[in-house]
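Asker: Supplied structure: structure-v8.pdb, PDB, C-alpha atoms, pLDDT in the B column.
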ATOM      1  CA  MET I1276       5.305   3.672 -26.530  1.00 62.00           C
ATOM      2  CA  LYS I1277       4.338   1.039 -23.986  1.00 74.00           C
ATOM      3  CA  ARG I1278       2.663  -2.095 -25.321  1.00 87.00           C
ATOM      4  CA  ILE I1279      -0.722  -2.566 -23.718  1.00 94.00           C
ATOM      5  CA  ARG I1280      -0.910  -5.838 -21.806  1.00 95.00           C
ATOM      6  CA  THR I1281      -4.436  -7.064 -22.483  1.00 97.00           C
ATOM      7  CA  LEU I1282      -6.429  -9.709 -20.621  1.00 97.00           C
ATOM      8  CA  ILE I1283      -9.428 -11.442 -22.210  1.00 97.00           C
ATOM      9  CA  VAL I1284     -12.172 -12.509 -19.784  1.00 96.00           C
ATOM     10  CA  ASP I1285     -14.942 -14.431 -21.560  1.00 95.00           C
ATOM     11  CA  ASP I1286     -16.539 -17.827 -20.999  1.00 93.00           C
ATOM     12  CA  GLU I1287     -17.033 -18.480 -24.729  1.00 92.00           C
ATOM     13  CA  PRO I1288     -13.988 -20.079 -26.407  1.00 90.00           C
ATOM     14  CA  ILE I1289     -14.936 -18.718 -29.837  1.00 90.00           C
ATOM     15  CA  ALA I1290     -15.254 -15.188 -28.437  1.00 91.00           C
ATOM     16  CA  GLN I1291     -11.816 -15.592 -26.846  1.00 93.00           C
ATOM     17  CA  ASP I1292     -10.367 -16.739 -30.174  1.00 92.00           C
ATOM     18  CA  ILE I1293     -11.835 -13.778 -32.049  1.00 91.00           C
ATOM     19  CA  LEU I1294     -10.452 -11.268 -29.560  1.00 94.00           C
ATOM     20  CA  GLU I1295      -7.070 -12.992 -29.516  1.00 93.00           C
ATOM     21  CA  THR I1296      -6.946 -12.785 -33.316  1.00 90.00           C
ATOM     22  CA  TYR I1297      -7.804  -9.086 -33.201  1.00 91.00           C
ATOM     23  CA  ILE I1298      -5.109  -8.455 -30.578  1.00 92.00           C
ATOM     24  CA  SER I1299      -2.516 -10.240 -32.721  1.00 89.00           C
ATOM     25  CA  LYS I1300      -3.237  -7.821 -35.561  1.00 86.00           C
ATOM     26  CA  ILE I1301      -2.407  -4.712 -33.525  1.00 87.00           C
ATOM     27  CA  PRO I1302       1.328  -4.459 -32.825  1.00 84.00           C
ATOM     28  CA  GLU I1303       0.830  -2.115 -29.869  1.00 86.00           C
ATOM     29  CA  LEU I1304      -1.168  -4.762 -27.989  1.00 92.00           C
ATOM     30  CA  GLU I1305       0.244  -7.710 -26.069  1.00 94.00           C
ATOM     31  CA  LEU I1306      -1.948 -10.616 -25.011  1.00 95.00           C
ATOM     32  CA  ALA I1307      -1.423 -10.958 -21.260  1.00 95.00           C
ATOM     33  CA  GLY I1308      -3.738 -13.938 -20.841  1.00 95.00           C
ATOM     34  CA  LYS I1309      -7.201 -15.467 -21.252  1.00 96.00           C
ATOM     35  CA  CYS I1310      -9.659 -16.341 -18.489  1.00 96.00           C
ATOM     36  CA  LYS I1311     -13.039 -18.020 -18.772  1.00 95.00           C
ATOM     37  CA  ASN I1312     -14.598 -16.553 -15.620  1.00 94.00           C
ATOM     38  CA  ALA I1313     -14.226 -13.878 -12.971  1.00 94.00           C
ATOM     39  CA  LEU I1314     -12.504 -16.140 -10.442  1.00 94.00           C
ATOM     40  CA  GLU I1315      -9.740 -17.004 -12.900  1.00 95.00           C
ATOM     41  CA  ALA I1316      -9.416 -13.336 -13.804  1.00 95.00           C
ATOM     42  CA  PHE I1317      -9.150 -12.295 -10.146  1.00 94.00           C
ATOM     43  CA  SER I1318      -6.289 -14.734  -9.632  1.00 94.00           C
ATOM     44  CA  PHE I1319      -4.586 -13.594 -12.833  1.00 95.00           C
ATOM     45  CA  LEU I1320      -4.780  -9.912 -11.920  1.00 94.00           C
ATOM     46  CA  ASN I1321      -3.096 -10.620  -8.586  1.00 90.00           C
ATOM     47  CA  LYS I1322      -0.110 -12.235 -10.310  1.00 87.00           C
ATOM     48  CA  GLY I1323       1.069  -9.607 -12.737  1.00 80.00           C
ATOM     49  CA  GLU I1324       0.580  -6.341 -14.564  1.00 87.00           C
ATOM     50  CA  THR I1325      -2.506  -5.933 -16.745  1.00 94.00           C
ATOM     51  CA  ASP I1326      -3.209  -2.643 -18.501  1.00 95.00           C
ATOM     52  CA  LEU I1327      -6.482  -3.471 -20.200  1.00 96.00           C
ATOM     53  CA  MET I1328      -9.228  -6.032 -19.650  1.00 97.00           C
ATOM     54  CA  LEU I1329     -11.660  -7.123 -22.367  1.00 97.00           C
ATOM     55  CA  LEU I1330     -14.514  -8.155 -20.124  1.00 95.00           C
ATOM     56  CA  ASP I1331     -17.655 -10.093 -20.950  1.00 94.00           C
ATOM     57  CA  ILE I1332     -20.692  -9.395 -18.760  1.00 92.00           C
ATOM     58  CA  ASN I1333     -22.855 -12.524 -18.891  1.00 89.00           C
ATOM     59  CA  MET I1334     -20.631 -15.154 -17.289  1.00 90.00           C
ATOM     60  CA  PRO I1335     -21.408 -17.988 -14.838  1.00 85.00           C
ATOM     61  CA  GLU I1336     -21.221 -17.461 -11.067  1.00 86.00           C
ATOM     62  CA  ILE I1337     -20.093 -13.810 -11.118  1.00 91.00           C
ATOM     63  CA  SER I1338     -21.052 -11.370 -13.855  1.00 91.00           C
ATOM     64  CA  GLY I1339     -18.420  -9.197 -15.437  1.00 91.00           C
ATOM     65  CA  MET I1340     -20.109  -6.097 -14.032  1.00 91.00           C
ATOM     66  CA  ASP I1341     -20.124  -7.430 -10.465  1.00 92.00           C
ATOM     67  CA  PHE I1342     -16.543  -8.598 -10.871  1.00 93.00           C
ATOM     68  CA  LEU I1343     -15.396  -5.152 -11.922  1.00 92.00           C
ATOM     69  CA  LYS I1344     -17.197  -3.557  -8.965  1.00 91.00           C
ATOM     70  CA  SER I1345     -15.388  -5.910  -6.592  1.00 92.00           C
ATOM     71  CA  LEU I1346     -11.901  -4.855  -7.707  1.00 91.00           C
ATOM     72  CA  LYS I1347     -10.083  -2.219  -5.648  1.00 89.00           C
ATOM     73  CA  ASN I1348      -7.592  -1.295  -8.360  1.00 89.00           C
ATOM     74  CA  PRO I1349      -8.987  -2.582 -11.658  1.00 92.00           C
ATOM     75  CA  PRO I1350      -7.174  -2.198 -14.968  1.00 93.00           C
ATOM     76  CA  HIS I1351      -8.799  -0.201 -17.728  1.00 94.00           C
ATOM     77  CA  VAL I1352     -11.839  -2.031 -19.097  1.00 95.00           C
ATOM     78  CA  ILE I1353     -13.593  -2.467 -22.407  1.00 95.00           C
ATOM     79  CA  PHE I1354     -16.792  -4.492 -22.104  1.00 93.00           C
ATOM     80  CA  THR I1355     -17.418  -7.100 -24.818  1.00 93.00           C
ATOM     81  CA  THR I1356     -20.957  -8.406 -24.578  1.00 89.00           C
ATOM     82  CA  ALA I1357     -24.072  -9.424 -26.470  1.00 87.00           C
ATOM     83  CA  TYR I1358     -26.324  -7.409 -24.158  1.00 82.00           C
ATOM     84  CA  SER I1359     -26.975  -3.700 -24.719  1.00 80.00           C
ATOM     85  CA  GLU I1360     -28.866  -3.029 -21.480  1.00 78.00           C
ATOM     86  CA  PHE I1361     -25.730  -2.603 -19.357  1.00 74.00           C
ATOM     87  CA  ALA I1362     -24.196   0.166 -21.475  1.00 77.00           C
ATOM     88  CA  ILE I1363     -25.116   3.072 -19.177  1.00 73.00           C
ATOM     89  CA  GLU I1364     -23.968   1.196 -16.084  1.00 75.00           C
ATOM     90  CA  SER I1365     -20.676   0.361 -17.788  1.00 73.00           C
ATOM     91  CA  TYR I1366     -19.797   4.030 -18.096  1.00 69.00           C
ATOM     92  CA  ASP I1367     -20.657   4.518 -14.431  1.00 72.00           C
ATOM     93  CA  GLN I1368     -17.827   2.041 -13.874  1.00 76.00           C
ATOM     94  CA  SER I1369     -15.508   4.187 -16.033  1.00 79.00           C
ATOM     95  CA  ALA I1370     -15.339   1.670 -18.866  1.00 87.00           C
ATOM     96  CA  ILE I1371     -13.438   2.932 -21.890  1.00 90.00           C
ATOM     97  CA  ASP I1372     -15.910   1.444 -24.337  1.00 90.00           C
ATOM     98  CA  TYR I1373     -18.802  -0.989 -24.669  1.00 90.00           C
ATOM     99  CA  LEU I1374     -18.637  -3.381 -27.612  1.00 91.00           C
ATOM    100  CA  LEU I1375     -21.658  -5.380 -28.699  1.00 89.00           C
ATOM    101  CA  LYS I1376     -21.088  -8.838 -30.146  1.00 88.00           C
ATOM    102  CA  PRO I1377     -20.578  -9.694 -32.916  1.00 86.00           C
ATOM    103  CA  ILE I1378     -17.655  -7.265 -32.803  1.00 89.00           C
ATOM    104  CA  SER I1379     -16.153  -6.156 -36.096  1.00 88.00           C
ATOM    105  CA  PHE I1380     -12.424  -5.564 -36.266  1.00 86.00           C
ATOM    106  CA  GLU I1381     -13.012  -1.947 -37.304  1.00 85.00           C
ATOM    107  CA  ARG I1382     -15.121  -1.297 -34.197  1.00 89.00           C
ATOM    108  CA  PHE I1383     -12.592  -3.113 -32.012  1.00 91.00           C
ATOM    109  CA  LEU I1384      -9.787  -0.952 -33.390  1.00 89.00           C
ATOM    110  CA  LYS I1385     -11.689   2.230 -32.509  1.00 88.00           C
ATOM    111  CA  ALA I1386     -12.134   1.038 -28.932  1.00 91.00           C
ATOM    112  CA  ILE I1387      -8.456   0.150 -28.629  1.00 92.00           C
ATOM    113  CA  ASP I1388      -7.501   3.546 -30.005  1.00 89.00           C
ATOM    114  CA  LYS I1389      -9.486   5.114 -27.146  1.00 89.00           C
ATOM    115  CA  ALA I1390      -7.648   2.915 -24.679  1.00 91.00           C
ATOM    116  CA  ASN I1391      -4.307   3.815 -26.229  1.00 89.00           C
ATOM    117  CA  LYS I1392      -4.946   7.527 -25.800  1.00 88.00           C
ATOM    118  CA  ILE I1393      -5.620   6.956 -22.096  1.00 88.00           C
ATOM    119  CA  ILE I1394      -2.848   4.461 -21.364  1.00 89.00           C
ATOM    120  CA  ASN I1395      -0.276   6.115 -23.665  1.00 84.00           C
ATOM    121  CA  PRO I1396      -1.353   9.776 -23.738  1.00 77.00           C
ATOM    122  CA  VAL I1397       1.420  10.822 -26.110  1.00 64.00           C
ATOM    123  CA  GLY I1398       0.966   7.805 -28.387  1.00 48.00           C
ATOM    124  CA  THR I1399      -0.304   7.881 -31.914  1.00 48.00           C
ATOM    125  CA  GLU I1400      -3.424   6.211 -33.246  1.00 52.00           C
ATOM    126  CA  MET I1401      -3.043   2.459 -33.549  1.00 53.00           C
ATOM    127  CA  GLN I1402      -3.080   0.825 -36.932  1.00 49.00           C
ATOM    128  CA  PRO I1403      -3.533  -2.851 -37.770  1.00 46.00           C
ATOM    129  CA  SER I1404      -0.545  -4.790 -39.036  1.00 44.00           C
ATOM    130  CA  SER I1405      -0.059  -5.000 -42.796  1.00 36.00           C
ATOM    131  CA  ASN I1406      -1.298  -8.585 -43.100  1.00 33.00           C
ATOM    132  CA  ILE I1407      -4.897  -7.714 -42.195  1.00 32.00           C
ATOM    133  CA  LEU I1408      -7.312  -8.478 -44.996  1.00 32.00           C
ATOM    134  CA  SER I1409     -10.527  -7.562 -43.226  1.00 38.00           C
ATOM    135  CA  ASP I1410     -10.153  -3.768 -43.283  1.00 38.00           C
ATOM    136  CA  ASN I1411     -11.279  -3.043 -46.828  1.00 40.00           C
ATOM    137  CA  GLN I1412     -12.855  -6.291 -47.939  1.00 43.00           C
ATOM    138  CA  PRO I1413     -13.759  -8.452 -44.944  1.00 53.00           C
ATOM    139  CA  ASN I1414     -14.582 -12.040 -45.891  1.00 76.00           C
ATOM    140  CA  LEU I1415     -16.103 -13.281 -42.652  1.00 75.00           C
ATOM    141  CA  MET I1416     -17.924 -12.210 -39.531  1.00 79.00           C
ATOM    142  CA  PHE I1417     -19.119 -13.852 -36.354  1.00 79.00           C
ATOM    143  CA  VAL I1418     -22.713 -13.688 -35.149  1.00 80.00           C
ATOM    144  CA  LYS I1419     -24.392 -14.911 -32.001  1.00 78.00           C
ATOM    145  CA  SER I1420     -27.319 -17.263 -32.582  1.00 78.00           C
ATOM    146  CA  GLU I1421     -28.987 -19.699 -30.171  1.00 73.00           C
ATOM    147  CA  GLY I1422     -26.399 -19.028 -27.482  1.00 72.00           C
ATOM    148  CA  LYS I1423     -23.303 -19.620 -29.581  1.00 74.00           C
ATOM    149  CA  LEU I1424     -21.053 -17.689 -31.943  1.00 77.00           C
ATOM    150  CA  ILE I1425     -21.272 -18.787 -35.562  1.00 82.00           C
ATOM    151  CA  LYS I1426     -18.718 -17.959 -38.231  1.00 82.00           C
ATOM    152  CA  ILE I1427     -20.308 -16.560 -41.371  1.00 85.00           C
ATOM    153  CA  ASP I1428     -18.404 -16.854 -44.641  1.00 87.00           C
ATOM    154  CA  LEU I1429     -19.496 -13.699 -46.456  1.00 88.00           C
ATOM    155  CA  SER I1430     -18.840 -15.276 -49.846  1.00 87.00           C
ATOM    156  CA  GLN I1431     -21.697 -17.677 -49.024  1.00 90.00           C
ATOM    157  CA  LEU I1432     -24.069 -15.006 -47.648  1.00 93.00           C
ATOM    158  CA  TRP I1433     -26.475 -13.954 -50.371  1.00 94.00           C
ATOM    159  CA  LEU I1434     -29.314 -12.210 -48.540  1.00 95.00           C
ATOM    160  CA  VAL I1435     -29.939 -10.459 -45.227  1.00 94.00           C
ATOM    161  CA  GLU I1436     -33.602 -10.131 -44.292  1.00 93.00           C
ATOM    162  CA  GLY I1437     -34.880  -7.905 -41.484  1.00 91.00           C
ATOM    163  CA  LEU I1438     -37.458  -9.445 -39.109  1.00 86.00           C
ATOM    164  CA  LYS I1439     -38.291  -6.727 -36.560  1.00 75.00           C
ATOM    165  CA  ASP I1440     -35.802  -7.316 -33.703  1.00 76.00           C
ATOM    166  CA  TYR I1441     -33.997 -10.055 -35.635  1.00 86.00           C
ATOM    167  CA  VAL I1442     -32.284 -10.551 -38.961  1.00 89.00           C
ATOM    168  CA  GLN I1443     -32.232 -13.714 -41.030  1.00 90.00           C
ATOM    169  CA  LEU I1444     -29.008 -14.504 -42.835  1.00 93.00           C
ATOM    170  CA  TRP I1445     -29.550 -16.563 -45.995  1.00 94.00           C
ATOM    171  CA  LEU I1446     -26.499 -18.712 -46.709  1.00 92.00           C
ATOM    172  CA  GLU I1447     -25.692 -21.349 -49.296  1.00 86.00           C
ATOM    173  CA  GLU I1448     -25.960 -24.022 -46.601  1.00 86.00           C
ATOM    174  CA  GLY I1449     -29.046 -22.666 -44.820  1.00 89.00           C
ATOM    175  CA  LYS I1450     -30.335 -19.807 -42.678  1.00 90.00           C
ATOM    176  CA  VAL I1451     -29.147 -18.244 -39.423  1.00 89.00           C
ATOM    177  CA  ILE I1452     -31.354 -15.996 -37.267  1.00 88.00           C
ATOM    178  CA  VAL I1453     -29.600 -13.338 -35.192  1.00 86.00           C
ATOM    179  CA  HIS I1454     -30.989 -11.016 -32.520  1.00 84.00           C
ATOM    180  CA  THR I1455     -29.714  -7.726 -33.933  1.00 83.00           C
ATOM    181  CA  THR I1456     -30.800  -4.901 -36.226  1.00 85.00           C
ATOM    182  CA  MET I1457     -30.410  -4.289 -39.925  1.00 88.00           C
ATOM    183  CA  LYS I1458     -28.387  -1.188 -39.051  1.00 87.00           C
ATOM    184  CA  ASN I1459     -25.839  -3.254 -37.113  1.00 84.00           C
ATOM    185  CA  ILE I1460     -25.482  -5.782 -39.927  1.00 86.00           C
ATOM    186  CA  GLU I1461     -25.221  -3.010 -42.508  1.00 87.00           C
ATOM    187  CA  GLU I1462     -22.343  -1.445 -40.528  1.00 82.00           C
ATOM    188  CA  LEU I1463     -20.560  -4.799 -40.350  1.00 80.00           C
ATOM    189  CA  LEU I1464     -20.901  -5.242 -44.114  1.00 84.00           C
ATOM    190  CA  ASN I1465     -20.137  -1.612 -44.931  1.00 78.00           C
ATOM    191  CA  ASN I1466     -16.564  -2.252 -46.079  1.00 75.00           C
ATOM    192  CA  ASN I1467     -17.488  -5.134 -48.375  1.00 81.00           C
ATOM    193  CA  SER I1468     -18.467  -3.827 -51.803  1.00 81.00           C
ATOM    194  CA  ASN I1469     -20.374  -7.030 -52.660  1.00 86.00           C
ATOM    195  CA  PHE I1470     -23.211  -6.054 -50.330  1.00 90.00           C
ATOM    196  CA  MET I1471     -25.860  -3.477 -51.101  1.00 91.00           C
ATOM    197  CA  ARG I1472     -28.955  -2.452 -49.192  1.00 93.00           C
ATOM    198  CA  VAL I1473     -31.922  -2.390 -51.572  1.00 93.00           C
ATOM    199  CA  HIS I1474     -34.820  -2.138 -49.116  1.00 94.00           C
ATOM    200  CA  LYS I1475     -35.344  -1.338 -45.440  1.00 92.00           C
ATOM    201  CA  SER I1476     -35.713  -5.103 -44.928  1.00 93.00           C
ATOM    202  CA  HIS I1477     -33.141  -6.463 -47.378  1.00 95.00           C
ATOM    203  CA  ILE I1478     -29.392  -6.371 -47.996  1.00 95.00           C
ATOM    204  CA  ILE I1479     -28.199  -8.435 -50.949  1.00 94.00           C
ATOM    205  CA  ASN I1480     -24.908  -9.853 -52.189  1.00 92.00           C
ATOM    206  CA  ILE I1481     -24.713  -8.591 -55.779  1.00 91.00           C
ATOM    207  CA  ARG I1482     -22.671 -11.656 -56.785  1.00 89.00           C
ATOM    208  CA  PHE I1483     -25.871 -13.710 -56.557  1.00 92.00           C
ATOM    209  CA  ILE I1484     -28.115 -11.439 -58.677  1.00 91.00           C
ATOM    210  CA  SER I1485     -29.540 -13.290 -61.676  1.00 89.00           C
ATOM    211  CA  GLU I1486     -32.042 -10.764 -63.065  1.00 90.00           C
ATOM    212  CA  VAL I1487     -33.106  -7.136 -62.606  1.00 89.00           C
ATOM    213  CA  TRP I1488     -36.293  -5.685 -64.009  1.00 88.00           C
ATOM    214  CA  GLY I1489     -38.153  -2.543 -63.009  1.00 86.00           C
ATOM    215  CA  ASN I1490     -38.087  -2.281 -59.242  1.00 90.00           C
ATOM    216  CA  SER I1491     -37.324  -5.955 -58.679  1.00 92.00           C
ATOM    217  CA  ILE I1492     -34.156  -7.980 -58.278  1.00 93.00           C
ATOM    218  CA  LYS I1493     -34.054 -11.750 -58.560  1.00 93.00           C
ATOM    219  CA  ILE I1494     -31.403 -13.226 -56.319  1.00 91.00           C
ATOM    220  CA  LYS I1495     -31.295 -17.022 -56.365  1.00 88.00           C
ATOM    221  CA  ASN I1496     -34.922 -18.064 -55.787  1.00 84.00           C
ATOM    222  CA  GLN I1497     -36.105 -14.806 -54.198  1.00 89.00           C
ATOM    223  CA  ASN I1498     -37.650 -11.756 -55.850  1.00 93.00           C
ATOM    224  CA  ILE I1499     -36.655  -8.636 -53.891  1.00 93.00           C
ATOM    225  CA  ILE I1500     -38.377  -5.261 -54.271  1.00 94.00           C
ATOM    226  CA  ILE I1501     -36.083  -2.227 -54.502  1.00 93.00           C
ATOM    227  CA  GLY I1502     -37.295   0.374 -52.010  1.00 92.00           C
ATOM    228  CA  ASN I1503     -37.841   3.926 -53.236  1.00 92.00           C
ATOM    229  CA  THR I1504     -35.296   5.237 -50.708  1.00 90.00           C
ATOM    230  CA  TYR I1505     -32.573   2.998 -52.151  1.00 91.00           C
ATOM    231  CA  LYS I1506     -33.531   3.075 -55.840  1.00 90.00           C
ATOM    232  CA  GLU I1507     -31.097   5.802 -56.967  1.00 89.00           C
ATOM    233  CA  GLU I1508     -28.078   4.265 -55.209  1.00 88.00           C
ATOM    234  CA  VAL I1509     -28.966   0.762 -56.427  1.00 88.00           C
ATOM    235  CA  ASP I1510     -29.200   2.024 -60.011  1.00 87.00           C
ATOM    236  CA  LYS I1511     -25.756   3.643 -59.721  1.00 84.00           C
ATOM    237  CA  VAL I1512     -24.195   0.395 -58.508  1.00 83.00           C
ATOM    238  CA  LEU I1513     -25.901  -1.727 -61.140  1.00 80.00           C
ATOM    239  CA  ASP I1514     -25.026   0.753 -63.915  1.00 79.00           C
ATOM    240  CA  SER I1515     -21.341   0.371 -63.034  1.00 75.00           C
ATOM    241  CA  TYR I1516     -21.596  -3.310 -63.993  1.00 69.00           C
ATOM    242  CA  LYS I1517     -23.372  -2.869 -67.323  1.00 61.00           C
ATOM    243  CA  LEU I1518     -21.568  -4.109 -70.387  1.00 53.00           C
ATOM    244  CA  LEU I1519     -24.085  -3.113 -73.084  1.00 50.00           C
TER     245      LEU I1519
END
Please rewrite the model in this file as structure tokens.
Answerer:
Amino acid sequence: MKRIRTLIVDDEPIAQDILETYISKIPELELAGKCKNALEAFSFLNKGETDLMLLDINMPEISGMDFLKSLKNPPHVIFTTAYSEFAIESYDQSAIDYLLKPISFERFLKAIDKANKIINPVGTEMQPSSNILSDNQPNLMFVKSEGKLIKIDLSQLWLVEGLKDYVQLWLEEGKVIVHTTMKNIEELLNNNSNFMRVHKSHIINIRFISEVWGNSIKIKNQNIIIGNTYKEEVDKVLDSYKLL
């Protein structure tokens, strides 16, 4: 099966690093190069073979969408962006997938599997290499806040609080506000058994629970109400930890 030569096009160095790390964990992928804008990418594409482009949309001078439209023979494309409003247009441009930042490795792997089935039609589903620790018990994630990507150490994250179109991440060292939904954060934390949703507005790290009484949980200095929808599942999880 042909290794997929993959080009990263993103003006954020941290975003480039995350994608490069993900690529290194999938043996079927080969990093072809990294470009910080459309002009660099145009030059790169003219020099050699590229099978797949991981393309950001909001970049200086020329957007990723306009760049793709300008190419006569573009490689296959997966958009990697923090903006959801271009999703429909991306499929008009025959994009394989549309990934919203912060991108989890699990979601990235699904997108690459789609690409693999197109580029290598007789190939098998891709699997991460054996040294990946983030599949079953991820210990970090990246979030976009105030125009930059911030690494979140999940061992230090003790509470996620929903604030309409934002979520507030409560960490040992402070708080981070992210423009995303509770559903998106819940999906990112889904494979980490330390996190449990207890209310439509709260996800907690059970390692930080100090007391539970009635329909309330005390986690550090916050008293959190257990929502009726989540009560049964919360009780099951807490019962599994009882000693007496």
Asker: Nearest residue to Ile1393 (chain I) out of I:Leu1282, I:Leu1327, I:Leu1320, I:Ile1298, using only C-alpha atoms?
Answerer: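 Nearest candidate to Ile1393 (chain I) out of I:Leu1282, I:Leu1327, I:Leu1320, I:Ile1298: I:Leu1327.
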Asker: Identify, on the basis of all atoms listed in the file, every residue whose closest approach to region 1473-1487 of chain I does not exceed 6 Å; exclude the query and any residue fewer than 2 positions from it along the same chain; express the result as a count of residues only.
Answerer: 15
Asker: What gap, in Å, lies between CA of Phe1319 (chain I) and CA of Ala1370 (chain I)?
Answerer: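 Going from CA of Phe1319 (chain I) over to CA of Ala1370 (chain I), I get 19.6 Å.
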Asker: State, in Å with one decimal place, the distance from CA of Val1442 (chain I) to CA of Ser1359 (chain I).
Answerer: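 That distance, rounded to one decimal, is 16.7 Å.
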Asker: Expanded to explicit residues, what is the PyMOL selection byres ((chain I and resi 1454-1463) around 7) for this file, as a PyMOL selection string?
Answerer: chain I and resi 1379+1437+1440-1442+1452-1453+1464-1465
Asker: Centre and edge lengths of an axis-aligned box around all listed atoms of region 1434-1438 of chain I, with 5 Å added on each side, are to be given in Å to one decimal, as lines of an AutoDock Vina configuration file.
Answerer:
center_x = -33.4
center_y = -10.1
center_z = -43.8
size_x = 18.1
size_y = 14.3
size_z = 19.4
Asker: For the file shown, what are the residues hit by the PyMOL selection byres ((chain I and resi 1309) around 6), laid out as a VMD selection string?
Answerer: chain I and resid 1282 to 1284 1308 1310
Asker: Residues within 12 Å of Lys1344 (chain I), please, as a list of chain:residue names. Count all atoms listed in the file; anything in the same chain fewer than 4 positions from it doesn't count.
Answerer: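 That gives I:Ala1313, I:Phe1317, I:Ile1332, I:Ile1337, I:Ser1338, I:Gly1339, I:Met1340, I:Asn1348, I:Pro1349, I:Pro1350, I:Val1352, I:Glu1364, I:Ser1365, I:Asp1367, I:Gln1368, I:Ser1369, I:Ala1370.
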Asker: When you draw a straight line from CA of Leu1446 (chain I) to CA of Gln1431 (chain I), how long is it in Å?
Answerer: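 Distance between the two atoms: 5.4 Å.
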